>>> print(open('work_14.cif').read())   # mmCIF, N, CA and C atoms
data_start
#
loop_
_atom_site.label_atom_id
_atom_site.label_comp_id
_atom_site.auth_asym_id
_atom_site.auth_seq_id
_atom_site.Cartn_x
_atom_site.Cartn_y
_atom_site.Cartn_z
N MET A 1 162.52 267.13 221.25
CA MET A 1 163.70 266.32 221.45
C MET A 1 163.99 265.55 220.17
N THR A 2 165.23 265.51 219.78
CA THR A 2 165.64 264.87 218.53
C THR A 2 165.75 263.36 218.71
N ASP A 3 165.27 262.63 217.71
CA ASP A 3 165.37 261.18 217.64
C ASP A 3 166.67 260.86 216.90
N LEU A 4 167.73 260.53 217.64
CA LEU A 4 169.04 260.33 217.03
C LEU A 4 169.06 259.15 216.07
N GLU A 5 168.40 258.05 216.43
CA GLU A 5 168.35 256.88 215.55
C GLU A 5 167.65 257.24 214.24
N GLY A 6 166.53 257.95 214.34
CA GLY A 6 165.81 258.36 213.13
C GLY A 6 166.61 259.34 212.30
N THR A 7 167.30 260.28 212.94
CA THR A 7 168.12 261.24 212.21
C THR A 7 169.24 260.53 211.47
N GLN A 8 169.87 259.55 212.11
CA GLN A 8 170.92 258.77 211.45
C GLN A 8 170.36 258.00 210.26
N LEU A 9 169.16 257.44 210.40
CA LEU A 9 168.51 256.73 209.30
C LEU A 9 168.31 257.66 208.11
N PHE A 10 167.77 258.85 208.35
CA PHE A 10 167.58 259.84 207.28
C PHE A 10 168.92 260.16 206.61
N HIS A 11 169.91 260.53 207.40
CA HIS A 11 171.18 260.99 206.84
C HIS A 11 171.94 259.88 206.13
N ARG A 12 171.84 258.65 206.63
CA ARG A 12 172.52 257.52 205.99
C ARG A 12 171.85 257.16 204.66
N SER A 13 170.52 257.15 204.65
CA SER A 13 169.81 256.72 203.44
C SER A 13 169.58 257.86 202.45
N MET A 14 169.61 259.11 202.94
CA MET A 14 169.39 260.28 202.08
C MET A 14 170.36 261.38 202.49
N PRO A 15 171.62 261.32 202.02
CA PRO A 15 172.62 262.31 202.43
C PRO A 15 172.17 263.77 202.20
N PHE A 16 171.32 264.00 201.22
CA PHE A 16 170.81 265.35 200.97
C PHE A 16 170.08 265.90 202.19
N SER A 17 169.39 265.03 202.93
CA SER A 17 168.67 265.48 204.13
C SER A 17 169.65 265.99 205.19
N GLU A 18 170.82 265.41 205.25
CA GLU A 18 171.84 265.90 206.18
C GLU A 18 172.35 267.27 205.75
N ARG A 19 172.58 267.43 204.46
CA ARG A 19 173.05 268.72 203.93
C ARG A 19 172.04 269.83 204.22
N LEU A 20 170.74 269.50 204.14
CA LEU A 20 169.70 270.48 204.43
C LEU A 20 169.60 270.78 205.94
N GLY A 21 170.04 269.84 206.76
CA GLY A 21 169.95 270.01 208.21
C GLY A 21 168.69 269.42 208.81
N VAL A 22 168.08 268.45 208.14
CA VAL A 22 166.86 267.81 208.65
C VAL A 22 167.17 267.04 209.93
N GLU A 23 166.33 267.24 210.93
CA GLU A 23 166.41 266.51 212.19
C GLU A 23 165.12 265.72 212.36
N VAL A 24 165.23 264.49 212.84
CA VAL A 24 164.06 263.65 213.05
C VAL A 24 163.61 263.79 214.51
N LEU A 25 162.32 263.95 214.69
CA LEU A 25 161.74 264.06 216.02
C LEU A 25 161.20 262.72 216.50
N GLU A 26 160.66 261.92 215.58
CA GLU A 26 160.21 260.56 215.89
C GLU A 26 160.00 259.79 214.59
N HIS A 27 160.17 258.47 214.67
CA HIS A 27 159.91 257.65 213.49
C HIS A 27 159.32 256.31 213.90
N GLY A 28 158.26 255.95 213.17
CA GLY A 28 157.59 254.69 213.39
C GLY A 28 156.63 254.44 212.22
N ARG A 29 156.06 253.26 212.17
CA ARG A 29 155.18 252.89 211.04
C ARG A 29 154.00 253.85 210.88
N GLU A 30 153.43 254.32 211.96
CA GLU A 30 152.22 255.15 211.88
C GLU A 30 152.51 256.64 211.77
N LEU A 31 153.70 257.08 212.17
CA LEU A 31 154.02 258.50 212.15
C LEU A 31 155.52 258.71 212.09
N VAL A 32 155.94 259.57 211.16
CA VAL A 32 157.33 260.02 211.08
C VAL A 32 157.28 261.54 211.15
N ARG A 33 158.06 262.12 212.07
CA ARG A 33 158.10 263.58 212.22
C ARG A 33 159.54 264.06 212.12
N SER A 34 159.74 265.12 211.34
CA SER A 34 161.07 265.70 211.20
C SER A 34 160.91 267.22 211.09
N ARG A 35 162.04 267.90 211.18
CA ARG A 35 161.97 269.35 211.09
C ARG A 35 163.17 269.91 210.36
N LEU A 36 162.97 271.11 209.84
CA LEU A 36 163.99 271.85 209.13
C LEU A 36 164.02 273.25 209.72
N LYS A 37 165.19 273.67 210.17
CA LYS A 37 165.34 275.00 210.77
C LYS A 37 165.42 276.06 209.68
N TRP A 38 164.70 277.16 209.89
CA TRP A 38 164.79 278.28 208.97
C TRP A 38 166.23 278.75 208.94
N ASP A 39 166.73 278.99 207.74
CA ASP A 39 168.07 279.52 207.54
C ASP A 39 168.03 280.37 206.29
N GLU A 40 168.66 281.52 206.34
CA GLU A 40 168.64 282.45 205.21
C GLU A 40 169.13 281.79 203.92
N SER A 41 170.06 280.84 204.04
CA SER A 41 170.60 280.18 202.85
C SER A 41 169.58 279.27 202.16
N LEU A 42 168.45 278.99 202.82
CA LEU A 42 167.40 278.13 202.27
C LEU A 42 166.17 278.93 201.83
N CYS A 43 166.33 280.25 201.74
CA CYS A 43 165.18 281.13 201.50
C CYS A 43 165.12 281.70 200.09
N THR A 44 163.93 282.18 199.75
CA THR A 44 163.71 282.97 198.57
C THR A 44 163.79 284.44 198.99
N LEU A 45 163.61 285.34 198.03
CA LEU A 45 163.55 286.75 198.37
C LEU A 45 162.42 286.96 199.38
N GLY A 46 162.62 287.82 200.31
CA GLY A 46 161.59 288.07 201.31
C GLY A 46 161.72 287.21 202.55
N GLY A 47 162.72 286.34 202.61
CA GLY A 47 162.98 285.57 203.81
C GLY A 47 162.10 284.36 204.05
N ALA A 48 161.40 283.88 203.05
CA ALA A 48 160.56 282.69 203.20
C ALA A 48 161.36 281.44 202.80
N LEU A 49 161.21 280.38 203.61
CA LEU A 49 161.86 279.12 203.22
C LEU A 49 161.42 278.75 201.81
N HIS A 50 162.37 278.38 201.00
CA HIS A 50 162.11 278.02 199.60
C HIS A 50 161.18 276.81 199.54
N GLY A 51 160.25 276.83 198.60
CA GLY A 51 159.33 275.71 198.43
C GLY A 51 160.05 274.41 198.17
N GLY A 52 161.17 274.47 197.46
CA GLY A 52 161.94 273.25 197.20
C GLY A 52 162.51 272.65 198.47
N ALA A 53 162.91 273.49 199.43
CA ALA A 53 163.41 273.00 200.71
C ALA A 53 162.27 272.32 201.47
N LEU A 54 161.09 272.95 201.44
CA LEU A 54 159.93 272.34 202.12
C LEU A 54 159.53 271.03 201.45
N MET A 55 159.58 270.98 200.12
CA MET A 55 159.25 269.75 199.40
C MET A 55 160.27 268.65 199.71
N ALA A 56 161.55 269.03 199.82
CA ALA A 56 162.57 268.04 200.16
C ALA A 56 162.34 267.49 201.57
N LEU A 57 161.95 268.36 202.50
CA LEU A 57 161.62 267.91 203.85
C LEU A 57 160.46 266.91 203.81
N ALA A 58 159.41 267.27 203.08
CA ALA A 58 158.23 266.39 202.97
C ALA A 58 158.57 265.08 202.27
N ASP A 59 159.34 265.15 201.20
CA ASP A 59 159.68 263.95 200.44
C ASP A 59 160.53 263.01 201.30
N SER A 60 161.49 263.56 202.02
CA SER A 60 162.35 262.73 202.86
C SER A 60 161.55 262.08 203.99
N THR A 61 160.68 262.85 204.61
CA THR A 61 159.88 262.33 205.72
C THR A 61 158.90 261.27 205.22
N GLY A 62 158.26 261.55 204.08
CA GLY A 62 157.34 260.59 203.50
C GLY A 62 158.04 259.32 203.04
N ALA A 63 159.26 259.46 202.53
CA ALA A 63 160.01 258.29 202.07
C ALA A 63 160.32 257.35 203.22
N VAL A 64 160.70 257.90 204.36
CA VAL A 64 160.98 257.04 205.51
C VAL A 64 159.68 256.40 206.01
N CYS A 65 158.59 257.14 206.00
CA CYS A 65 157.30 256.56 206.39
C CYS A 65 156.95 255.40 205.45
N ALA A 66 157.13 255.59 204.15
CA ALA A 66 156.86 254.53 203.19
C ALA A 66 157.77 253.33 203.44
N PHE A 67 159.05 253.58 203.66
CA PHE A 67 160.02 252.52 203.91
C PHE A 67 159.62 251.69 205.13
N LEU A 68 159.15 252.37 206.18
CA LEU A 68 158.75 251.66 207.39
C LEU A 68 157.45 250.87 207.22
N ASN A 69 156.77 251.09 206.09
CA ASN A 69 155.51 250.39 205.80
C ASN A 69 155.63 249.47 204.59
N LEU A 70 156.86 249.10 204.24
CA LEU A 70 157.06 248.20 203.11
C LEU A 70 156.40 246.84 203.34
N PRO A 71 155.86 246.25 202.29
CA PRO A 71 155.34 244.88 202.42
C PRO A 71 156.50 243.90 202.53
N GLU A 72 156.19 242.70 202.96
CA GLU A 72 157.21 241.67 203.05
C GLU A 72 157.90 241.50 201.70
N GLY A 73 159.22 241.48 201.72
CA GLY A 73 160.00 241.33 200.49
C GLY A 73 160.37 242.65 199.83
N GLY A 74 159.77 243.76 200.25
CA GLY A 74 160.09 245.06 199.69
C GLY A 74 161.48 245.49 200.13
N GLN A 75 162.27 246.00 199.18
CA GLN A 75 163.65 246.38 199.46
C GLN A 75 163.82 247.88 199.70
N GLY A 76 162.90 248.66 199.18
CA GLY A 76 163.00 250.11 199.29
C GLY A 76 161.85 250.75 198.53
N THR A 77 161.90 252.07 198.42
CA THR A 77 160.87 252.80 197.70
C THR A 77 161.50 253.90 196.87
N THR A 78 160.72 254.42 195.95
CA THR A 78 161.12 255.61 195.20
C THR A 78 159.86 256.42 194.92
N THR A 79 159.99 257.72 195.00
CA THR A 79 158.85 258.59 194.76
C THR A 79 158.48 258.56 193.28
N VAL A 80 157.22 258.28 192.99
CA VAL A 80 156.76 258.30 191.59
C VAL A 80 155.77 259.43 191.34
N GLU A 81 155.23 260.01 192.43
CA GLU A 81 154.30 261.14 192.28
C GLU A 81 154.27 261.89 193.60
N SER A 82 154.21 263.23 193.49
CA SER A 82 154.13 264.05 194.68
C SER A 82 153.32 265.30 194.35
N LYS A 83 152.37 265.62 195.21
CA LYS A 83 151.48 266.78 195.03
C LYS A 83 151.58 267.63 196.28
N THR A 84 151.95 268.90 196.11
CA THR A 84 152.12 269.81 197.23
C THR A 84 151.19 271.01 197.09
N ASN A 85 150.51 271.33 198.18
CA ASN A 85 149.76 272.59 198.28
C ASN A 85 150.45 273.43 199.35
N PHE A 86 150.93 274.62 198.94
CA PHE A 86 151.54 275.55 199.87
C PHE A 86 150.47 276.51 200.37
N LEU A 87 150.42 276.72 201.68
CA LEU A 87 149.37 277.53 202.28
C LEU A 87 149.89 278.80 202.95
N ARG A 88 151.13 278.78 203.41
CA ARG A 88 151.71 279.97 204.04
C ARG A 88 153.23 279.82 204.08
N ALA A 89 153.91 280.91 204.34
CA ALA A 89 155.37 280.93 204.36
C ALA A 89 155.91 280.62 205.76
N VAL A 90 157.13 280.10 205.78
CA VAL A 90 157.88 279.94 207.03
C VAL A 90 159.00 280.97 206.98
N ARG A 91 159.00 281.93 207.92
CA ARG A 91 159.97 283.02 207.93
C ARG A 91 160.89 283.01 209.15
N SER A 92 160.70 282.02 210.02
CA SER A 92 161.57 281.88 211.19
C SER A 92 161.29 280.52 211.83
N GLY A 93 162.11 280.16 212.77
CA GLY A 93 161.88 278.93 213.53
C GLY A 93 162.09 277.67 212.71
N TYR A 94 161.14 276.76 212.85
CA TYR A 94 161.22 275.45 212.19
C TYR A 94 159.99 275.18 211.33
N ALA A 95 160.20 274.39 210.30
CA ALA A 95 159.12 273.75 209.56
C ALA A 95 159.11 272.31 210.05
N VAL A 96 157.97 271.84 210.55
CA VAL A 96 157.87 270.48 211.10
C VAL A 96 156.96 269.64 210.21
N ALA A 97 157.50 268.54 209.69
CA ALA A 97 156.76 267.64 208.80
C ALA A 97 156.30 266.41 209.57
N SER A 98 155.05 266.03 209.35
CA SER A 98 154.47 264.82 209.94
C SER A 98 153.88 263.97 208.83
N SER A 99 154.40 262.76 208.67
CA SER A 99 153.95 261.86 207.60
C SER A 99 153.24 260.65 208.18
N ARG A 100 152.12 260.31 207.51
CA ARG A 100 151.32 259.15 207.90
C ARG A 100 150.98 258.33 206.64
N PRO A 101 150.98 257.01 206.77
CA PRO A 101 150.61 256.19 205.62
C PRO A 101 149.10 256.24 205.37
N LEU A 102 148.72 256.42 204.12
CA LEU A 102 147.31 256.34 203.73
C LEU A 102 146.98 254.96 203.17
N HIS A 103 147.97 254.37 202.49
CA HIS A 103 147.79 253.05 201.87
C HIS A 103 149.15 252.38 201.78
N ALA A 104 149.24 251.16 202.26
CA ALA A 104 150.48 250.39 202.17
C ALA A 104 150.16 249.10 201.43
N GLY A 105 150.37 249.13 200.11
CA GLY A 105 150.07 247.98 199.28
C GLY A 105 151.31 247.22 198.87
N ARG A 106 151.11 246.26 197.98
CA ARG A 106 152.23 245.43 197.51
C ARG A 106 153.12 246.17 196.52
N LYS A 107 152.53 247.11 195.74
CA LYS A 107 153.30 247.81 194.71
C LYS A 107 153.53 249.29 195.01
N PHE A 108 152.65 249.88 195.81
CA PHE A 108 152.74 251.31 196.11
C PHE A 108 152.42 251.58 197.58
N VAL A 109 153.06 252.60 198.11
CA VAL A 109 152.73 253.12 199.43
C VAL A 109 152.38 254.60 199.23
N VAL A 110 151.21 255.00 199.70
CA VAL A 110 150.77 256.39 199.58
C VAL A 110 150.86 257.02 200.96
N VAL A 111 151.50 258.18 201.01
CA VAL A 111 151.77 258.85 202.27
C VAL A 111 151.25 260.28 202.20
N GLU A 112 150.69 260.75 203.32
CA GLU A 112 150.27 262.14 203.43
C GLU A 112 151.15 262.84 204.46
N THR A 113 151.66 263.99 204.08
CA THR A 113 152.54 264.76 204.95
C THR A 113 151.99 266.16 205.14
N GLU A 114 151.95 266.59 206.38
CA GLU A 114 151.59 267.97 206.69
C GLU A 114 152.82 268.66 207.25
N ILE A 115 153.03 269.89 206.84
CA ILE A 115 154.11 270.72 207.38
C ILE A 115 153.48 271.87 208.14
N HIS A 116 153.92 272.05 209.38
CA HIS A 116 153.42 273.12 210.24
C HIS A 116 154.58 274.04 210.65
N ASP A 117 154.26 275.28 210.98
CA ASP A 117 155.26 276.20 211.52
C ASP A 117 155.29 276.09 213.04
N ASP A 118 156.11 276.92 213.68
CA ASP A 118 156.24 276.88 215.14
C ASP A 118 154.95 277.23 215.86
N ASP A 119 154.06 277.96 215.19
CA ASP A 119 152.77 278.31 215.80
C ASP A 119 151.71 277.24 215.58
N GLY A 120 152.09 276.14 214.93
CA GLY A 120 151.15 275.06 214.66
C GLY A 120 150.28 275.30 213.44
N LYS A 121 150.58 276.36 212.69
CA LYS A 121 149.77 276.66 211.50
C LYS A 121 150.23 275.79 210.33
N LEU A 122 149.25 275.33 209.56
CA LEU A 122 149.52 274.48 208.41
C LEU A 122 150.21 275.29 207.32
N VAL A 123 151.39 274.85 206.93
CA VAL A 123 152.20 275.52 205.91
C VAL A 123 152.01 274.85 204.55
N ALA A 124 151.98 273.52 204.54
CA ALA A 124 151.85 272.78 203.29
C ALA A 124 151.26 271.40 203.58
N LYS A 125 150.58 270.88 202.55
CA LYS A 125 150.04 269.52 202.61
C LYS A 125 150.54 268.79 201.37
N VAL A 126 151.09 267.61 201.58
CA VAL A 126 151.72 266.86 200.49
C VAL A 126 151.16 265.43 200.49
N THR A 127 150.78 264.97 199.31
CA THR A 127 150.43 263.57 199.13
C THR A 127 151.41 262.99 198.13
N GLN A 128 152.03 261.89 198.49
CA GLN A 128 153.01 261.29 197.59
C GLN A 128 152.78 259.79 197.46
N THR A 129 153.12 259.29 196.30
CA THR A 129 153.06 257.86 196.02
C THR A 129 154.49 257.36 195.88
N GLN A 130 154.79 256.31 196.62
CA GLN A 130 156.11 255.68 196.57
C GLN A 130 155.95 254.28 195.99
N ALA A 131 156.71 253.99 194.94
CA ALA A 131 156.70 252.64 194.37
C ALA A 131 157.57 251.74 195.26
N VAL A 132 157.09 250.52 195.45
CA VAL A 132 157.83 249.52 196.21
C VAL A 132 158.85 248.89 195.28
N LEU A 133 160.09 248.85 195.72
CA LEU A 133 161.19 248.25 194.92
C LEU A 133 161.48 246.85 195.41
#
>>> encode(input="work_14.cif", output="structure tokens")
Amino acid sequence: MTDLEGTQLFHRSMPFSERLGVEVLEHGRELVRSRLKWDESLCTLGGALHGGALMALADSTGAVCAFLNLPEGGQGTTTVESKTNFLRAVRSGYAVASSRPLHAGRKFVVVETEIHDDDGKLVAKVTQTQAVL
């Protein structure tokens, strides 16, 4: 089931996520989940979702997780580092991203995001650092 409030938050704060078709499943301080539907226009040769599309999904989901974990006085975040390990391709259905905070400090928020396919198989693991603005 889609989280309309969370989807609006993504699309309002990151219009690129709307263009990609990202839908939010849930959002909160401890967990943010979103998904991207497989579409041929987002693929590489061979019908696999492009790594850049998967990274954009992870970055957007992680950014909202970081934003929801801002320290008092924090106005926003920006990605300063992101590390992605791709483990398998997504060739149909959805890529589902789940982001959790690893560290919420005064200057940086570190988030870990896992992307799974419809079968629950791990597609990618992303660790990103967001600077507090």
>>> atom_distance(input="work_14.cif", atom1="atom C of Val32 in chain A", atom2="atom C of Gly62 in chain A")
8.4 Å
>>> closest_residue(input="work_14.cif", among="A:Ser13, A:Thr44, A:Thr7, A:Ser34", to="Val96 in chain A", atoms="only C-alpha atoms")
A:Ser34
>>> closest_residue(input="work_14.cif", among="A:Ala63, A:His116, A:Phe108, A:Ala89", to="Val132 in chain A", atoms="all atoms listed in the file")
A:Phe108
>>> closest_residue(input="work_14.cif", among="A:His50, A:Arg33, A:Lys83, A:His103", to="Gln128 in chain A", atoms="all atoms listed in the file")
A:Lys83
>>> resolve_selection(input="work_14.cif", expression="the PyMOL selection byres (((chain A and resi 76-79 and name CA) around 10) and name CA)", output="number ranges by chain")
A: 59-60, 62-64, 66-71, 73-75, 80-82, 107-110, 128-133
>>> atom_distance(input="work_14.cif", atom1="atom C of Phe10 in chain A", atom2="atom C of Asp118 in chain A")
23.9 Å
>>> residues_around(input="work_14.cif", residues="Ala48 in chain A", least_positions_apart="6", cutoff="9 Å", atoms="only C-alpha atoms", output="PyMOL selection string")
chain A and resi 38+40+42+89-92
>>> select_by_dssp(input="work_14.cif", residues="chain A", states="alpha helix (DSSP H)", output="PyMOL selection string")
chain A and resi 4-13+15-20+51-68
>>> select_by_dssp(input="work_14.cif", residues="chain A", states="strand (DSSP E)", output="count of residues only")
52
>>> closest_residue(input="work_14.cif", among="A:Glu72, A:Lys125, A:Ala56, A:Ser99", to="Leu87 in chain A", atoms="only N, CA and C atoms")
A:Lys125
>>> atom_distance(input="work_14.cif", atom1="atom C of Phe86 in chain A", atom2="atom N of His27 in chain A")
25.0 Å
>>> axis_aligned_box(input="work_14.cif", around="range 25-38 of chain A", padding_each_side="6 Å", output="AutoDock Vina command-line options")
--center_x 159.2 --center_y 265.8 --center_z 212.7 --size_x 26.0 --size_y 37.9 --size_z 19.6
>>> residues_around(input="work_14.cif", residues="Thr113 in chain A", least_positions_apart="2", cutoff="8 Å", atoms="only C-alpha atoms", output="PyMOL selection string")
chain A and resi 58+61-62+97-100+111+115+125-127
>>> residues_around(input="work_14.cif", residues="Val22 in chain A", least_positions_apart="2", cutoff="8 Å", atoms="all atoms listed in the file", output="JSON, numbers by chain")
{"A": [7, 10, 11, 16, 17, 18, 19, 20, 24, 25, 34, 35, 36, 37, 57]}
